[in-house]
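Student: Okay, so here is start_13.cif, and as you'll see once you scroll down, it has mmCIF, C-alpha atoms and all ligand atoms.
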```cif
data_final
loop_
_atom_site.label_atom_id
_atom_site.label_comp_id
_atom_site.auth_asym_id
_atom_site.auth_seq_id
_atom_site.Cartn_x
_atom_site.Cartn_y
_atom_site.Cartn_z
CA MET A 283 -31.04 122.88 -13.67
CA ALA A 284 -34.19 124.28 -12.09
CA GLY A 285 -33.28 126.37 -9.05
CA TYR A 286 -29.53 126.29 -9.71
CA THR A 287 -28.46 127.56 -13.13
CA SER A 288 -29.04 131.22 -12.35
CA PRO A 289 -27.12 133.93 -14.27
CA PRO A 290 -24.17 134.04 -11.81
CA PHE A 291 -23.86 130.27 -11.77
CA ARG A 292 -23.87 130.10 -15.57
CA LEU A 293 -21.19 132.79 -15.73
CA LEU A 294 -18.99 130.83 -13.34
CA CYS A 295 -19.44 127.68 -15.43
CA CYS A 296 -18.37 129.60 -18.56
CA TRP A 297 -15.34 131.03 -16.77
CA MET A 298 -14.39 127.57 -15.55
CA GLY A 299 -14.39 126.22 -19.10
CA ALA A 300 -17.92 124.96 -19.85
CA GLU A 301 -18.29 125.23 -23.62
CA LEU A 302 -22.07 125.60 -23.43
CA VAL A 303 -24.40 126.56 -20.61
CA TYR A 304 -28.17 126.14 -20.31
CA THR A 305 -30.81 128.11 -18.48
CA GLU A 306 -33.13 126.15 -16.24
CA LEU A 307 -36.24 124.93 -18.01
CA ILE A 308 -38.57 127.84 -18.69
CA SER A 309 -42.31 127.61 -19.21
CA ALA A 310 -43.54 128.72 -22.63
CA GLU A 311 -46.90 129.47 -21.01
CA GLY A 312 -45.19 131.69 -18.45
CA LEU A 313 -43.02 133.49 -21.00
CA THR A 314 -45.93 134.31 -23.26
CA ARG A 315 -48.32 135.34 -20.46
CA GLU A 316 -46.27 136.98 -17.70
CA PRO A 317 -43.91 139.90 -18.37
CA ASN A 318 -42.24 139.61 -14.94
CA TYR A 319 -41.48 135.93 -15.47
CA ARG A 320 -40.15 136.76 -18.91
CA ARG A 321 -37.82 139.45 -17.54
CA SER A 322 -36.39 137.26 -14.80
CA GLN A 323 -36.04 134.09 -16.88
CA LEU A 324 -34.53 135.62 -20.00
CA MET A 325 -31.81 137.53 -18.17
CA LEU A 326 -28.79 136.54 -20.27
CA SER A 327 -25.41 138.18 -19.87
CA SER A 328 -23.16 139.09 -22.79
CA LEU A 329 -20.40 137.09 -21.05
CA GLU A 330 -22.17 133.74 -21.01
CA HIS A 331 -21.98 132.48 -24.55
CA PRO A 332 -22.84 130.13 -26.07
CA VAL A 333 -25.98 129.83 -23.99
CA ALA A 334 -28.99 127.60 -24.60
CA VAL A 335 -32.39 128.69 -23.34
CA GLN A 336 -34.37 125.60 -22.42
CA LEU A 337 -38.13 125.75 -22.90
CA PHE A 338 -40.93 123.44 -21.90
CA GLY A 339 -44.54 123.29 -23.00
CA ALA A 340 -46.77 121.48 -25.45
CA ASP A 341 -48.40 124.30 -27.38
CA PRO A 342 -46.60 124.86 -30.72
CA ARG A 343 -47.74 128.47 -30.97
CA ARG A 344 -46.56 129.43 -27.47
CA LEU A 345 -43.29 127.54 -27.92
CA ALA A 346 -42.64 129.33 -31.22
CA GLU A 347 -43.39 132.69 -29.62
CA SER A 348 -41.16 131.86 -26.65
CA ALA A 349 -38.34 130.72 -28.92
CA ALA A 350 -38.49 134.08 -30.70
CA MET A 351 -38.35 135.89 -27.33
CA ALA A 352 -35.35 133.80 -26.27
CA GLU A 353 -33.57 134.51 -29.53
CA ALA A 354 -34.22 138.24 -29.13
CA ALA A 355 -32.78 138.01 -25.58
CA GLY A 356 -29.53 136.61 -26.98
CA ALA A 357 -29.92 132.83 -26.89
CA ASP A 358 -27.51 130.97 -29.16
CA ILE A 359 -29.57 127.77 -29.03
CA ILE A 360 -33.14 127.02 -28.00
CA ASP A 361 -33.56 123.64 -26.37
CA LEU A 362 -36.88 121.84 -25.92
CA ASN A 363 -37.23 119.71 -22.81
CA LEU A 364 -38.86 116.32 -23.44
CA GLY A 365 -37.51 114.59 -20.36
CA CYS A 366 -38.50 116.31 -17.13
CA PRO A 367 -40.73 113.97 -15.09
CA ALA A 368 -41.79 116.59 -12.49
CA PRO A 369 -45.61 116.86 -12.28
CA VAL A 370 -45.39 120.66 -12.32
CA VAL A 371 -43.99 120.28 -15.87
CA THR A 372 -45.88 117.21 -17.13
CA HIS A 373 -49.36 118.24 -15.93
CA SER A 374 -49.61 120.71 -18.81
CA GLY A 375 -48.24 118.19 -21.35
CA GLY A 376 -44.60 119.37 -21.30
CA GLY A 377 -41.32 117.61 -20.46
CA ALA A 378 -41.63 113.82 -20.32
CA ALA A 379 -45.36 114.08 -21.15
CA LEU A 380 -44.43 115.57 -24.53
CA ALA A 381 -42.14 112.59 -25.23
CA ALA A 382 -45.22 110.39 -24.87
CA GLN A 383 -46.98 112.40 -27.61
CA PRO A 384 -44.53 112.31 -30.55
CA ALA A 385 -46.97 113.83 -33.05
CA ILE A 386 -47.42 116.91 -30.83
CA ALA A 387 -43.67 117.04 -30.14
CA VAL A 388 -43.01 117.14 -33.89
CA LYS A 389 -45.47 120.03 -34.32
CA CYS A 390 -43.78 121.92 -31.48
CA VAL A 391 -40.31 121.49 -32.99
CA ARG A 392 -41.50 122.50 -36.48
CA ALA A 393 -43.10 125.66 -35.11
CA MET A 394 -39.96 126.55 -33.15
CA VAL A 395 -37.65 125.91 -36.12
CA GLU A 396 -39.79 128.20 -38.28
CA ALA A 397 -39.84 130.95 -35.65
CA VAL A 398 -36.08 131.49 -35.21
CA ARG A 399 -32.75 131.43 -37.00
CA VAL A 400 -30.74 129.89 -34.13
CA PRO A 401 -30.59 126.07 -33.82
CA ILE A 402 -33.36 124.17 -32.04
CA THR A 403 -32.20 121.18 -29.98
CA ALA A 404 -34.03 118.66 -27.79
CA LYS A 405 -33.25 116.92 -24.50
CA LEU A 406 -34.69 113.45 -23.99
CA ARG A 407 -34.73 110.63 -21.47
CA ALA A 408 -33.89 107.05 -22.45
CA GLY A 409 -37.48 105.88 -22.94
CA LEU A 410 -40.59 106.08 -20.81
CA GLN A 411 -39.61 103.02 -18.77
CA PRO A 412 -36.40 100.97 -18.53
CA GLY A 413 -35.81 98.98 -21.74
CA ASP A 414 -38.15 101.16 -23.83
CA THR A 415 -36.26 102.03 -27.02
CA GLY A 416 -38.95 104.40 -28.29
CA TYR A 417 -36.59 107.33 -27.67
CA ILE A 418 -34.66 106.33 -30.82
CA ASP A 419 -37.77 106.67 -33.00
CA LEU A 420 -38.78 109.87 -31.21
CA ALA A 421 -35.30 111.31 -31.82
CA SER A 422 -35.51 110.42 -35.50
CA ARG A 423 -38.87 112.19 -35.82
CA LEU A 424 -37.50 115.26 -34.04
CA VAL A 425 -34.51 115.34 -36.39
CA ASP A 426 -36.88 115.16 -39.37
CA ALA A 427 -38.78 118.07 -37.83
CA GLY A 428 -35.57 120.11 -37.68
CA VAL A 429 -33.63 119.67 -34.41
CA SER A 430 -29.90 120.27 -34.90
CA ALA A 431 -28.65 118.25 -31.93
CA LEU A 432 -29.98 115.93 -29.24
CA ALA A 433 -29.12 115.49 -25.57
CA LEU A 434 -29.89 112.23 -23.80
CA HIS A 435 -30.08 111.58 -20.06
CA GLY A 436 -29.53 107.83 -19.85
CA ARG A 437 -32.35 107.16 -17.40
CA SER A 438 -35.94 106.38 -18.32
CA VAL A 439 -38.76 108.71 -17.28
CA LYS A 440 -40.05 106.09 -14.84
CA GLN A 441 -36.66 105.87 -13.14
CA GLY A 442 -36.77 109.51 -12.10
CA PHE A 443 -33.34 109.92 -10.51
CA ARG A 444 -33.14 106.35 -9.15
CA GLY A 445 -30.67 103.68 -10.22
CA HIS A 446 -27.95 104.45 -12.72
CA ALA A 447 -27.89 106.25 -16.04
CA ASP A 448 -27.34 103.59 -18.70
CA TRP A 449 -24.70 105.03 -21.02
CA ARG A 450 -25.41 102.28 -23.56
CA THR A 451 -28.58 104.20 -24.42
CA ILE A 452 -26.35 107.17 -25.34
CA SER A 453 -24.17 104.97 -27.59
CA ALA A 454 -27.32 103.65 -29.27
CA LEU A 455 -28.56 107.16 -30.00
CA VAL A 456 -25.12 108.22 -31.27
CA LYS A 457 -25.27 105.33 -33.76
CA ALA A 458 -28.83 106.05 -34.85
CA ALA A 459 -28.98 109.85 -35.03
CA PRO A 460 -27.60 111.89 -37.94
CA VAL A 461 -27.06 114.93 -35.65
CA PRO A 462 -24.60 115.49 -32.75
CA VAL A 463 -25.60 113.78 -29.50
CA LEU A 464 -24.69 115.13 -26.06
CA GLY A 465 -24.55 112.53 -23.29
CA ASN A 466 -25.83 113.08 -19.79
CA GLY A 467 -26.20 111.25 -16.50
CA ASP A 468 -24.02 110.35 -13.53
CA VAL A 469 -20.88 112.23 -14.54
CA ALA A 470 -19.41 112.86 -11.09
CA CYS A 471 -15.79 113.74 -11.89
CA ALA A 472 -13.44 114.67 -14.72
CA ALA A 473 -12.55 111.03 -15.40
CA ASP A 474 -16.26 110.20 -15.81
CA ALA A 475 -16.70 113.01 -18.35
CA VAL A 476 -13.83 111.72 -20.47
CA ARG A 477 -15.01 108.12 -20.09
CA MET A 478 -18.51 109.09 -21.30
CA LEU A 479 -17.05 110.75 -24.39
CA ARG A 480 -14.86 107.74 -25.20
CA GLU A 481 -17.32 104.98 -24.33
CA THR A 482 -20.37 106.39 -26.07
CA GLY A 483 -18.91 108.44 -28.94
CA CYS A 484 -21.08 111.40 -27.92
CA LYS A 485 -19.98 114.85 -29.10
CA GLY A 486 -20.25 116.49 -25.70
CA VAL A 487 -21.07 115.81 -22.08
CA LEU A 488 -23.70 117.63 -20.04
CA ILE A 489 -22.89 117.79 -16.34
CA GLY A 490 -25.71 118.48 -13.91
CA ARG A 491 -25.65 117.69 -10.20
CA ALA A 492 -21.88 117.31 -9.85
CA ALA A 493 -21.34 120.89 -11.05
CA VAL A 494 -23.66 122.35 -8.40
CA GLY A 495 -21.30 124.07 -5.95
CA ASP A 496 -18.34 122.89 -8.07
CA PRO A 497 -18.17 124.71 -11.42
CA TRP A 498 -14.38 124.04 -11.31
CA LEU A 499 -15.34 120.55 -12.50
CA PHE A 500 -15.50 121.93 -16.05
CA ALA A 501 -11.87 123.09 -15.89
CA ARG A 502 -10.79 119.75 -14.45
CA SER A 503 -12.69 117.83 -17.14
CA ALA A 504 -11.25 119.95 -19.97
CA ALA A 505 -7.71 119.46 -18.63
CA VAL A 506 -8.07 115.68 -18.35
CA PHE A 507 -9.67 115.50 -21.79
CA GLY A 508 -6.72 117.48 -23.19
CA GLY A 509 -4.29 114.95 -21.71
CA GLN A 510 -3.08 117.30 -18.95
CA GLU A 511 -2.83 116.54 -15.28
CA GLU A 512 -6.05 117.20 -13.40
CA PRO A 513 -5.82 120.62 -11.66
CA ALA A 514 -6.16 120.59 -7.87
CA PRO A 515 -9.52 121.70 -6.51
CA PRO A 516 -9.70 125.40 -5.49
CA SER A 517 -8.28 126.41 -2.12
CA PRO A 518 -10.80 127.30 0.62
CA LEU A 519 -10.01 131.02 0.20
CA ALA A 520 -10.51 130.83 -3.58
CA ARG A 521 -13.83 129.08 -3.00
CA LEU A 522 -14.93 131.73 -0.48
CA ALA A 523 -13.85 134.55 -2.83
CA VAL A 524 -16.11 133.07 -5.50
CA MET A 525 -18.95 132.82 -2.98
CA LEU A 526 -18.55 136.48 -2.08
CA TRP A 527 -18.63 137.44 -5.76
CA TYR A 528 -21.75 135.27 -6.10
CA VAL A 529 -23.57 137.14 -3.33
CA HIS A 530 -22.78 140.47 -4.97
CA ARG A 531 -23.81 139.24 -8.37
CA LEU A 532 -27.15 137.94 -7.08
CA ALA A 533 -27.70 141.29 -5.39
CA LYS A 534 -27.06 143.06 -8.69
CA ASP A 535 -29.34 140.79 -10.75
CA PHE A 536 -32.27 140.29 -8.37
CA GLY A 537 -34.25 142.09 -5.69
CA GLU A 538 -33.28 141.21 -2.12
CA LYS A 539 -36.03 138.65 -1.46
CA GLU A 540 -35.32 136.55 -4.56
CA ALA A 541 -31.55 136.96 -4.29
CA VAL A 542 -31.57 135.71 -0.70
CA ARG A 543 -33.76 132.73 -1.67
CA LEU A 544 -31.43 131.82 -4.54
CA GLY A 545 -28.33 132.52 -2.48
CA ARG A 546 -29.40 130.16 0.30
CA LEU A 547 -30.04 127.36 -2.20
CA GLN A 548 -27.07 127.92 -4.50
CA LEU A 549 -24.32 128.93 -2.07
CA ILE A 550 -24.72 126.07 0.40
CA PRO A 551 -23.30 123.48 -2.07
CA PHE A 552 -20.16 125.67 -2.41
CA SER A 553 -19.42 125.05 1.28
CA ARG A 554 -18.67 121.35 0.74
CA GLY A 555 -15.29 120.48 2.19
CA LEU A 556 -14.55 123.94 3.63
CA PRO A 557 -13.24 124.25 7.17
CA GLY A 558 -16.22 125.29 9.32
CA ALA A 559 -18.66 124.11 6.62
CA VAL A 560 -21.36 123.14 9.13
CA ALA A 561 -21.45 126.62 10.69
CA LEU A 562 -21.33 128.24 7.25
CA ARG A 563 -24.23 126.14 5.99
CA ARG A 564 -26.24 127.01 9.09
CA SER A 565 -25.63 130.76 8.65
CA LEU A 566 -26.38 130.66 4.92
CA GLY A 567 -29.53 128.61 5.52
CA SER A 568 -30.88 131.13 8.01
CA ALA A 569 -29.88 134.26 6.05
CA ARG A 570 -32.66 136.81 5.69
CA SER A 571 -30.79 139.56 3.81
CA PHE A 572 -27.81 140.24 1.54
CA ALA A 573 -25.94 141.40 4.62
CA ASP A 574 -26.57 138.01 6.30
CA LEU A 575 -25.27 136.12 3.24
CA ARG A 576 -22.21 138.32 3.03
CA THR A 577 -21.49 138.09 6.73
CA ALA A 578 -21.80 134.30 6.62
CA VAL A 579 -19.12 134.12 3.91
CA LEU A 580 -16.86 136.69 5.60
CA VAL A 581 -17.03 134.85 8.94
CA ALA A 582 -16.03 131.64 7.13
CA TRP A 583 -13.21 133.61 5.49
CA ALA A 584 -12.00 134.82 8.90
CA THR A 585 -12.12 131.23 10.18
CA VAL A 586 -9.95 129.99 7.31
CA VAL A 587 -7.47 132.88 7.61
CA GLY A 588 -7.37 132.36 11.40
CA GLU A 589 -6.63 128.66 10.95
CA LYS A 590 -3.87 129.47 8.47
CA GLY A 591 -2.42 132.04 10.85
CA SER A 592 -2.34 129.65 13.79
CA ALA A 593 -0.92 126.77 11.78
C1 LIG B 601 -32.63 119.94 -8.98
C2 LIG B 601 -32.60 119.51 -10.41
C3 LIG B 601 -33.08 120.36 -11.39
C4 LIG B 601 -33.04 119.97 -12.73
N1 LIG B 601 -33.54 120.83 -13.67
C5 LIG B 601 -33.44 120.49 -14.98
C6 LIG B 601 -33.87 121.40 -15.99
O1 LIG B 601 -34.33 122.52 -15.71
N2 LIG B 601 -33.75 121.00 -17.29
C7 LIG B 601 -33.21 119.79 -17.63
O2 LIG B 601 -33.09 119.48 -18.81
N3 LIG B 601 -32.82 118.92 -16.69
C8 LIG B 601 -32.91 119.25 -15.39
N4 LIG B 601 -32.48 118.37 -14.45
C9 LIG B 601 -31.88 117.10 -14.87
C10 LIG B 601 -30.38 117.29 -15.09
O3 LIG B 601 -30.14 118.27 -16.06
C11 LIG B 601 -29.71 115.99 -15.56
O4 LIG B 601 -30.34 115.55 -16.74
C12 LIG B 601 -29.79 114.89 -14.53
O5 LIG B 601 -29.59 115.40 -13.21
C13 LIG B 601 -28.74 113.82 -14.81
O6 LIG B 601 -27.47 114.37 -14.97
P1 LIG B 601 -26.40 114.47 -13.75
O7 LIG B 601 -26.19 113.06 -13.24
O8 LIG B 601 -25.17 115.06 -14.37
O9 LIG B 601 -27.02 115.32 -12.70
C14 LIG B 601 -32.51 118.72 -13.10
C15 LIG B 601 -32.03 117.86 -12.11
C16 LIG B 601 -32.06 118.24 -10.78
C17 LIG B 601 -31.52 117.29 -9.74
#
```
How does this structure look as structure tokens?
Ligand SMILES: Cc1cc2nc3c(=O)[nH]c(=O)nc-3n(C[C@H](O)[C@H](O)[C@H](O)COP(=O)(O)O)c2cc1C

Tutor:
Amino acid sequence: MAGYTSPPFRLLCCWMGAELVYTELISAEGLTREPNYRRSQLMLSSLEHPVAVQLFGADPRRLAESAAMAEAAGADIIDLNLGCPAPVVTHSGGGAALAAQPAIAVKCVRAMVEAVRVPITAKLRAGLQPGDTGYIDLASRLVDAGVSALALHGRSVKQGFRGHADWRTISALVKAAPVPVLGNGDVACAADAVRMLRETGCKGVLIGRAAVGDPWLFARSAAVFGGQEEPAPPSPLARLAVMLWYVHRLAKDFGEKEAVRLGRLQLIPFSRGLPGAVALRRSLGSARSFADLRTAVLVAWATVVGEKGSA
């Protein structure tokens, strides 16, 4: 997820039981033109496997070159985004705009498949507008071009993030496609993840927004899927310990300016439900340095320990 699935977040998801993590969508134009972008976007850790690098673009040559760079950086899977409706992605023909141009999409996939040994997969939306079943035909053409698996977000492009994801579109793709299908959209809790697997027959579930600030959701989902009791959510101190680790990890991976920007965005969702969450969010939101981020978490820690002590 753009802005959220940074290296530390992906590591946490792996540790909490996610069986596959994805980078945010990465521009093939950017990768092939800008060394700094390449360095920051293809920062994969040896601990986060299997990892899919997600690319967007509409130029077969640049996508092939980018796929090779991602493979060299350690990607286990290269995923092509054909669903993102954001203008910053579609204006150059990528994301959802590529889904509207199946012949170009096929050329892109073929070029990527030829460029690497790791599997190429594709992520789609359920049609361009509600009721449009063209995604089934598009998926079939992408499979013919060589994709090894498909992921489907059960909303149409036109829907953006409005309304509900229609899981029937996932069932339809599962029936039609000869490759594994991963379902996506509106999984908010462990029970939803298991229900999506059972109702649609998909081979795996991709969790987006609900995992932001709550990577423990993967452990809860795996437990419920395995027939065990759902583990309790982490204690406030466990949550704060993870946040402190996160600050240090961002500091290690990025320069201060970028780490503080990412930290503000990515740590605030971890504060949900903590005692003193409002004050913590305010301090994180106004942080200007690593020290500010760290202090914000430590002050919250002291609040929780103080409350325990006085209880
Ligand atoms: C802030 C934000 C960033 C996203 N970035 C990406 C992205 O980089 N690549 C992608 O395939 N989907 C991206 N998505 C879409 C999600 O991966 C997912 O398909 C969608 O949110 C529905 O799943 P969910 O209900 O589990 O969140 C993004 C969504 C949001 C809200």

Student: May I ask which of the residues A:Ser288, A:Ser327, A:Thr577, A:Gln441 is the closest one to A:Asp358, counting all atoms listed in the file?

Tutor: A:Ser327

Student: Which value, in Å to one decimal, gives the distance between atom CA of A:Ala431 and atom CA of A:Gly285?

Tutor: 24.7 Å

Student: Return the single residue from A:Ala379, A:Ala492, A:Val333, A:Val395 that is closest to ligand LIG 601 (chain B), with distances computed using all atoms listed in the file.

Tutor: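 Using all atoms listed in the file, the shortest distance to ligand LIG 601 (chain B) belongs to A:Ala492.
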
Student: Counting all atoms listed in the file, what residues are within 10 Å of ligand LIG 601 (chain B), given as number ranges by chain?

Tutor: A: 283-287, 304-308, 335-338, 361-368, 371, 377, 404-407, 433-437, 442-443, 446-447, 465-471, 475, 487-494

Student: Could you work out how far atom CA of A:Leu324 lies from atom CA of A:Ala354, giving the answer in Å with one decimal?

Tutor: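 These atoms are spaced 9.5 Å apart.
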
Student: Restrict the calculation to all atoms listed in the file, then for each residue of stretch 440-466 of chain A with any atom at most 12 Å from an atom of stretch 420-427 of chain A give the closest atom pair and their distance in Å to one decimal, rows by chain and rising residue number, as a tab-separated table.

Tutor:
```
residue	atom	partner	partner_atom	distance
A:Ile452	CA	A:Ala421	CA	11.8
A:Ala454	CA	A:Ala421	CA	11.4
A:Leu455	CA	A:Ala421	CA	8.1
A:Val456	CA	A:Ala421	CA	10.7
A:Lys457	CA	A:Ser422	CA	11.6
A:Ala458	CA	A:Ser422	CA	8.0
A:Ala459	CA	A:Ser422	CA	6.6
A:Pro460	CA	A:Val425	CA	7.9
A:Val461	CA	A:Val425	CA	7.5
A:Pro462	CA	A:Val425	CA	10.6
A:Val463	CA	A:Ala421	CA	10.3
```

Student: Measure the distance from atom CA of A:Ala310 to atom CA of A:Leu544 in Å and round it to one decimal.

Tutor: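 Distance reported for this atom pair: 22.0 Å.
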